[in-house]
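So this block is structure_17.txt, compact mmCIF, C-alpha atoms:
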```txt
# COMPACT_ATOMS: atom_id res chain seq x y z
CA MET A 30 -9.43 44.07 -16.35
CA ASN A 31 -10.38 46.62 -18.97
CA ARG A 32 -13.90 47.28 -20.13
CA GLY A 33 -13.75 45.30 -23.39
CA ARG A 34 -12.76 42.11 -21.61
CA LYS A 35 -15.46 42.62 -19.01
CA ILE A 36 -18.04 42.84 -21.81
CA LEU A 37 -16.57 39.70 -23.37
CA LEU A 38 -16.96 37.86 -20.08
CA LEU A 39 -20.47 39.24 -19.60
CA GLY A 40 -21.46 37.99 -23.06
CA LEU A 41 -20.13 34.54 -22.24
CA VAL A 42 -22.01 34.42 -18.93
CA VAL A 43 -25.26 35.67 -20.52
CA GLY A 44 -24.95 33.12 -23.36
CA LEU A 45 -24.37 30.21 -20.99
CA ALA A 46 -27.15 31.31 -18.62
CA THR A 47 -29.63 31.67 -21.48
CA HIS A 48 -28.65 28.27 -22.79
CA PHE A 49 -29.06 26.40 -19.53
CA VAL A 50 -32.25 28.17 -18.45
CA SER A 51 -33.84 27.60 -21.85
CA TYR A 52 -32.81 23.94 -21.86
CA THR A 53 -33.99 23.15 -18.34
CA VAL A 54 -37.40 24.85 -18.46
CA ARG A 55 -38.55 22.76 -21.45
CA ARG A 56 -41.33 20.38 -20.58
CA THR A 57 -40.51 16.71 -20.59
CA TYR A 58 -42.88 13.75 -20.52
CA ASP A 59 -42.63 10.78 -18.20
CA PRO A 60 -42.44 7.69 -20.43
CA SER A 61 -43.32 5.34 -17.58
CA SER A 62 -46.80 6.74 -16.84
CA LEU A 63 -50.01 6.79 -18.86
CA ASP A 64 -50.33 10.53 -18.22
CA GLY A 65 -46.87 11.16 -19.65
CA GLN A 66 -47.55 9.02 -22.71
CA LEU A 67 -50.91 10.67 -23.37
CA ALA A 68 -49.45 14.16 -22.93
CA TRP A 69 -46.77 13.23 -25.43
CA MET A 70 -49.42 11.92 -27.84
CA LYS A 71 -51.36 15.16 -27.52
CA SER A 72 -48.29 17.13 -28.44
CA GLU A 73 -47.06 14.72 -31.12
CA LEU A 74 -50.44 14.38 -32.87
CA GLN A 75 -51.54 17.94 -32.11
CA LEU A 76 -54.82 16.76 -30.59
CA SER A 77 -57.47 19.25 -29.60
CA ASP A 78 -58.62 19.33 -25.98
CA ALA A 79 -61.85 17.51 -26.89
CA GLN A 80 -59.98 14.80 -28.81
CA PHE A 81 -57.49 14.45 -26.00
CA ALA A 82 -60.23 14.10 -23.39
CA ARG A 83 -61.98 11.37 -25.40
CA ILE A 84 -58.76 9.50 -26.15
CA ARG A 85 -57.73 9.72 -22.54
CA GLU A 86 -61.08 8.28 -21.52
CA LEU A 87 -60.63 5.37 -23.93
CA HIS A 88 -57.14 4.62 -22.66
CA GLU A 89 -58.14 4.86 -19.02
CA ALA A 90 -61.07 2.54 -19.65
CA SER A 91 -58.94 -0.11 -21.34
CA SER A 92 -55.92 0.29 -19.06
CA PRO A 93 -57.01 -2.19 -16.32
CA ARG A 94 -57.84 -4.85 -18.90
CA LEU A 95 -54.52 -4.35 -20.68
CA ARG A 96 -52.65 -4.51 -17.38
CA ALA A 97 -54.41 -7.73 -16.47
CA LEU A 98 -53.55 -9.19 -19.86
CA ALA A 99 -49.91 -8.10 -19.49
CA SER A 100 -49.84 -9.84 -16.13
CA ARG A 101 -51.25 -13.05 -17.67
CA VAL A 102 -48.72 -12.87 -20.51
CA ALA A 103 -45.91 -12.52 -17.97
CA GLN A 104 -47.33 -15.46 -16.03
CA MET A 105 -47.42 -17.59 -19.20
CA GLN A 106 -43.84 -16.60 -19.91
CA ALA A 107 -42.80 -17.74 -16.42
CA GLU A 108 -44.69 -21.01 -16.87
CA PHE A 109 -42.96 -21.57 -20.19
CA VAL A 110 -39.55 -21.03 -18.62
CA ALA A 111 -40.41 -23.50 -15.83
CA PHE A 112 -41.71 -26.00 -18.39
CA GLU A 113 -38.52 -25.65 -20.44
CA ASN A 114 -36.33 -26.13 -17.34
CA THR A 115 -38.18 -29.31 -16.41
CA ARG A 116 -37.75 -30.63 -19.96
CA ARG A 117 -34.01 -29.91 -19.89
CA GLN A 118 -33.45 -31.47 -16.47
CA SER A 119 -35.58 -34.58 -16.77
CA ASP A 120 -35.56 -34.90 -20.57
CA ARG A 121 -39.28 -35.55 -20.31
CA VAL A 122 -42.09 -33.71 -22.07
CA ASP A 123 -45.65 -33.81 -20.91
CA PHE A 124 -47.28 -33.28 -24.27
CA ILE A 125 -50.77 -32.92 -22.87
CA GLU A 126 -49.64 -30.22 -20.49
CA PHE A 127 -47.69 -28.52 -23.28
CA ALA A 128 -50.67 -28.61 -25.65
CA HIS A 129 -52.79 -27.10 -22.90
CA PHE A 130 -50.16 -24.39 -22.38
CA VAL A 131 -50.01 -23.58 -26.10
CA GLU A 132 -53.79 -23.39 -26.30
CA THR A 133 -54.01 -21.05 -23.30
CA ARG A 134 -51.22 -18.96 -24.72
CA ARG A 135 -53.01 -18.65 -28.05
CA ALA A 136 -56.23 -17.61 -26.33
CA ILE A 137 -54.39 -14.89 -24.40
CA SER A 138 -52.65 -13.72 -27.55
CA ARG A 139 -55.99 -13.45 -29.33
CA GLU A 140 -57.42 -11.54 -26.41
CA CYS A 141 -54.43 -9.17 -26.42
CA LEU A 142 -54.73 -8.58 -30.14
CA ASP A 143 -58.47 -7.91 -29.85
CA SER A 144 -57.96 -5.44 -27.00
CA THR A 145 -55.17 -3.64 -28.81
CA ARG A 146 -57.13 -3.55 -32.06
CA GLN A 147 -60.19 -2.17 -30.32
CA LEU A 148 -58.24 0.56 -28.52
CA VAL A 149 -56.32 1.56 -31.64
CA LEU A 150 -59.43 1.70 -33.82
CA GLU A 151 -61.46 3.63 -31.25
CA SER A 152 -58.64 6.11 -30.68
CA ALA A 153 -58.03 6.52 -34.41
CA SER A 154 -61.73 7.19 -34.97
CA GLN A 155 -61.42 10.33 -32.82
CA MET A 156 -58.69 11.78 -35.05
CA THR A 157 -58.51 13.68 -38.29
CA PRO A 158 -57.14 11.76 -41.31
CA ALA A 159 -53.68 13.33 -40.94
CA GLN A 160 -53.56 12.61 -37.19
CA ARG A 161 -54.82 9.08 -37.84
CA ALA A 162 -52.09 8.39 -40.41
CA HIS A 163 -49.46 9.59 -37.96
CA TYR A 164 -50.97 7.60 -35.09
CA LEU A 165 -51.21 4.41 -37.12
CA GLY A 166 -47.59 4.90 -38.11
CA ILE A 167 -46.66 4.99 -34.42
CA VAL A 168 -48.72 1.96 -33.44
CA ALA A 169 -47.94 -0.11 -36.55
CA PRO A 170 -45.66 -2.53 -34.64
CA ALA A 171 -48.50 -3.32 -32.24
CA SER A 172 -51.60 -3.49 -34.39
CA PRO A 173 -52.06 -5.67 -37.49
CA GLU A 174 -54.78 -3.28 -38.67
CA ALA A 175 -52.41 -0.34 -38.39
CA ARG A 176 -49.76 -2.25 -40.30
CA ALA A 177 -52.28 -2.95 -43.07
CA VAL A 178 -53.35 0.69 -43.23
CA VAL A 179 -49.78 1.99 -43.19
CA ARG A 180 -48.80 -0.38 -46.01
CA MET B 7 56.47 2.66 -26.77
CA ASN B 8 53.34 4.09 -28.34
CA PRO B 9 51.04 6.05 -26.04
CA SER B 10 47.42 4.87 -25.92
CA PRO B 11 45.16 6.79 -28.38
CA ASP B 12 43.31 9.74 -26.91
CA PRO B 13 39.48 9.30 -27.21
CA LEU B 14 39.20 12.98 -28.14
CA ASP B 15 41.29 12.55 -31.28
CA PRO B 16 38.45 11.35 -33.56
CA LEU B 17 36.24 14.22 -32.40
CA LEU B 18 38.98 16.77 -33.02
CA ASP B 19 39.52 15.27 -36.46
CA ARG B 20 35.85 15.74 -37.25
CA TRP B 21 35.94 19.34 -35.99
CA ARG B 22 38.78 20.15 -38.34
CA HIS B 23 36.68 18.98 -41.27
CA THR B 24 33.57 20.97 -40.30
CA GLU B 25 32.57 23.34 -43.03
CA ALA B 26 32.25 27.02 -42.35
CA GLU B 27 28.79 28.33 -41.39
CA THR B 28 26.66 29.33 -44.31
CA PRO B 29 26.76 33.04 -44.95
CA SER B 30 22.93 33.25 -44.96
CA LEU B 31 22.51 32.11 -41.33
CA ALA B 32 22.38 35.57 -39.73
CA PRO B 33 19.73 36.99 -42.09
CA GLU B 34 17.64 33.84 -41.59
CA VAL B 35 17.79 34.29 -37.80
CA TRP B 36 16.73 37.92 -38.11
CA ARG B 37 13.94 36.98 -40.48
CA ARG B 38 12.56 34.46 -37.98
CA ILE B 39 12.79 36.96 -35.14
CA GLY B 40 10.87 39.43 -37.31
CA VAL B 41 8.12 36.89 -38.05
CA GLU B 42 7.70 36.11 -34.35
CA GLU B 43 7.48 39.79 -33.47
CA ARG B 44 4.89 40.38 -36.17
CA LYS B 45 2.82 37.48 -34.80
CA LYS B 46 2.94 38.95 -31.28
CA GLY B 47 2.09 42.34 -32.69
CA ALA B 48 -0.91 40.96 -34.59
CA LEU B 49 -2.24 39.30 -31.40
CA ALA B 50 -1.80 42.49 -29.39
CA SER B 51 -3.46 44.45 -32.15
CA PHE B 52 -6.42 41.99 -32.17
CA TRP B 53 -7.02 42.46 -28.43
CA GLU B 54 -6.70 46.21 -28.75
CA ASP B 55 -9.23 46.26 -31.59
CA LEU B 56 -11.59 44.01 -29.63
CA ASP B 57 -11.31 46.21 -26.55
CA MET B 58 -11.96 49.28 -28.65
CA TRP B 59 -15.10 47.84 -30.25
CA LEU B 60 -16.50 46.39 -27.05
CA SER B 61 -15.93 49.63 -25.19
CA ARG B 62 -18.61 51.25 -27.34
CA PRO B 63 -22.03 50.70 -25.70
CA PRO B 64 -23.97 49.87 -28.90
CA PHE B 65 -21.46 47.19 -29.90
CA ALA B 66 -21.28 45.87 -26.37
CA ALA B 67 -25.07 45.53 -26.25
CA LEU B 68 -25.09 43.88 -29.67
CA PHE B 69 -22.39 41.45 -28.60
CA VAL B 70 -24.23 40.45 -25.40
CA ALA B 71 -27.50 40.06 -27.33
CA CYS B 72 -25.74 37.84 -29.90
CA CYS B 73 -24.33 35.70 -27.09
CA ALA B 74 -27.84 35.30 -25.64
CA LEU B 75 -29.25 34.35 -29.05
CA LEU B 76 -26.45 31.87 -29.63
CA GLY B 77 -27.19 30.34 -26.22
CA LEU B 78 -30.89 30.04 -27.14
CA PHE B 79 -30.08 28.53 -30.52
CA LEU B 80 -27.77 25.91 -29.04
CA ALA B 81 -30.38 25.10 -26.37
CA GLU B 82 -32.95 24.62 -29.15
CA VAL B 83 -30.62 22.23 -30.96
CA ARG B 84 -30.06 20.24 -27.77
CA VAL B 85 -33.79 20.20 -26.96
CA ASN B 86 -34.64 18.95 -30.46
CA ARG B 87 -32.13 16.15 -30.20
CA HIS B 88 -33.37 15.22 -26.73
CA GLU B 89 -37.01 15.30 -27.91
CA ARG B 90 -36.23 12.96 -30.80
CA GLN B 91 -34.70 10.46 -28.40
CA GLN B 92 -37.55 10.87 -25.94
CA SER B 93 -40.18 10.48 -28.67
CA ALA B 94 -38.71 7.12 -29.63
CA LEU B 95 -38.76 6.05 -25.97
CA LEU B 96 -42.34 7.27 -25.45
CA ALA B 97 -43.52 5.54 -28.62
CA LYS B 98 -41.98 2.29 -27.38
CA SER B 99 -43.55 2.68 -23.92
CA TYR B 100 -46.92 3.47 -25.47
CA LEU B 101 -46.74 0.39 -27.68
CA GLN B 102 -45.96 -1.74 -24.64
CA LEU B 103 -48.92 -0.18 -22.85
CA ILE B 104 -51.44 -0.92 -25.59
CA ASP B 105 -50.02 -4.29 -26.60
CA PRO B 106 -49.18 -6.64 -23.70
CA LEU B 107 -47.57 -9.07 -26.18
CA LEU B 108 -44.83 -6.56 -26.90
CA LYS B 109 -43.73 -6.48 -23.27
CA GLU B 110 -40.29 -7.97 -22.70
CA ASP B 111 -40.31 -9.51 -26.16
CA VAL B 112 -42.45 -12.41 -24.98
CA VAL B 113 -43.75 -13.12 -28.45
CA ALA B 114 -40.36 -14.22 -29.65
CA LYS B 115 -39.70 -16.41 -26.64
CA THR B 116 -42.87 -18.40 -26.18
CA PRO B 117 -44.59 -20.73 -28.65
```

Please, can you express the file's structure as structure tokens?
Amino acid sequence: MNRGRKILLLGLVVGLATHFVSYTVRRTYDPSSLDGQLAWMKSELQLSDAQFARIRELHEASSPRLRALASRVAQMQAEFVAFENTRRQSDRVDFIEFAHFVETRRAISRECLDSTRQLVLESASQMTPAQRAHYLGIVAPASPEARAVVR
Amino acid sequence: MNPSPDPLDPLLDRWRHTEAETPSLAPEVWRRIGVEERKKGALASFWEDLDMWLSRPPFAALFVACCALLGLFLAEVRVNRHERQQSALLAKSYLQLIDPLLKEDVVAKTP
């Protein structure tokens, strides 16, 4: 192989190596963990270290409550499925039980909305106006307040 | 008694009626041969030129540096595309974290 072709091959190898090394060393965030989500938020909203620390604190404080609520919501969902199956099989509806279920469900929904609202507003209060606008745009599907602000 | 017709007769009849080859056939063949040779020559010339340029150290270094930059650029494009997809996923996960009602689309399913 003459020298020109060796250089051609070298260029190809260097280009590919640069590409793959550069692609693989980039930092990625774990979407399934709170740490990954908060790290992403820090980068996405360009939060300072102090803002990040405060927002992390807020999220960590509300995390157990939100998890408990998520568990109750899942439990209500399972109860609803069981209720619906009974209705289909026996063609019988216990209206008192159903009314009780709906009432409990509404109470949990209210509690969820309050918790979400509180976390969103407290987090947003730590941000600059530009960061807040971006953050509220992200959380708009979850928070009625954010939807109102974004509109 | 008539002999049975020979199957070659129709073909021989057709051959008799074949027109003479066009007088321009030979020049056309040579023209095509010439075009093919020029193509091969152009390819050989391209490789020779490339070898000549890449044999010079400054051009070789420039070529390798350009390859590295191209690799970086393409990696950047891929990373940007990946980050856009990941941002959407992270935003969705975050929403599910802060709003338990968004989990598994329970709002739409229950009363």

Kindly assemble as JSON lines a list of the chain A residues that lie within 6 Å of chain B, each paired with its nearest atom pair and their distance in Å to one decimal, using only C-alpha atoms, sorted first by chain and then by ascending residue number.
```
{"residue": "A:Arg32", "atom": "CA", "partner": "B:Ser61", "partner_atom": "CA", "distance": 5.9}
{"residue": "A:Gly33", "atom": "CA", "partner": "B:Asp57", "partner_atom": "CA", "distance": 4.1}
{"residue": "A:Gly40", "atom": "CA", "partner": "B:Val70", "partner_atom": "CA", "distance": 4.4}
{"residue": "A:Val43", "atom": "CA", "partner": "B:Ala74", "partner_atom": "CA", "distance": 5.7}
{"residue": "A:Gly44", "atom": "CA", "partner": "B:Ala74", "partner_atom": "CA", "distance": 4.3}
{"residue": "A:Leu45", "atom": "CA", "partner": "B:Gly77", "partner_atom": "CA", "distance": 5.9}
{"residue": "A:Thr47", "atom": "CA", "partner": "B:Gly77", "partner_atom": "CA", "distance": 5.5}
{"residue": "A:His48", "atom": "CA", "partner": "B:Gly77", "partner_atom": "CA", "distance": 4.3}
{"residue": "A:Tyr52", "atom": "CA", "partner": "B:Ala81", "partner_atom": "CA", "distance": 5.3}
{"residue": "A:Pro60", "atom": "CA", "partner": "B:Leu96", "partner_atom": "CA", "distance": 5.0}
{"residue": "A:Ala99", "atom": "CA", "partner": "B:Pro106", "partner_atom": "CA", "distance": 4.5}
{"residue": "A:Thr145", "atom": "CA", "partner": "B:Ile104", "partner_atom": "CA", "distance": 5.6}
{"residue": "A:Ala171", "atom": "CA", "partner": "B:Asp105", "partner_atom": "CA", "distance": 5.9}
```

note - atom CA of A:Arg161 and atom CA of A:Leu67 are separated by 15.1 Å

The distance between atom CA of A:Ser92 and atom CA of A:Arg55 is 28.5 Å

- prompt: What is the atom CA of A:Gln155-atom CA of A:Leu98 distance in Å, reported with one decimal?
  reply: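 Calculated distance between atom CA of A:Gln155 and atom CA of A:Leu98 is 24.7 Å.
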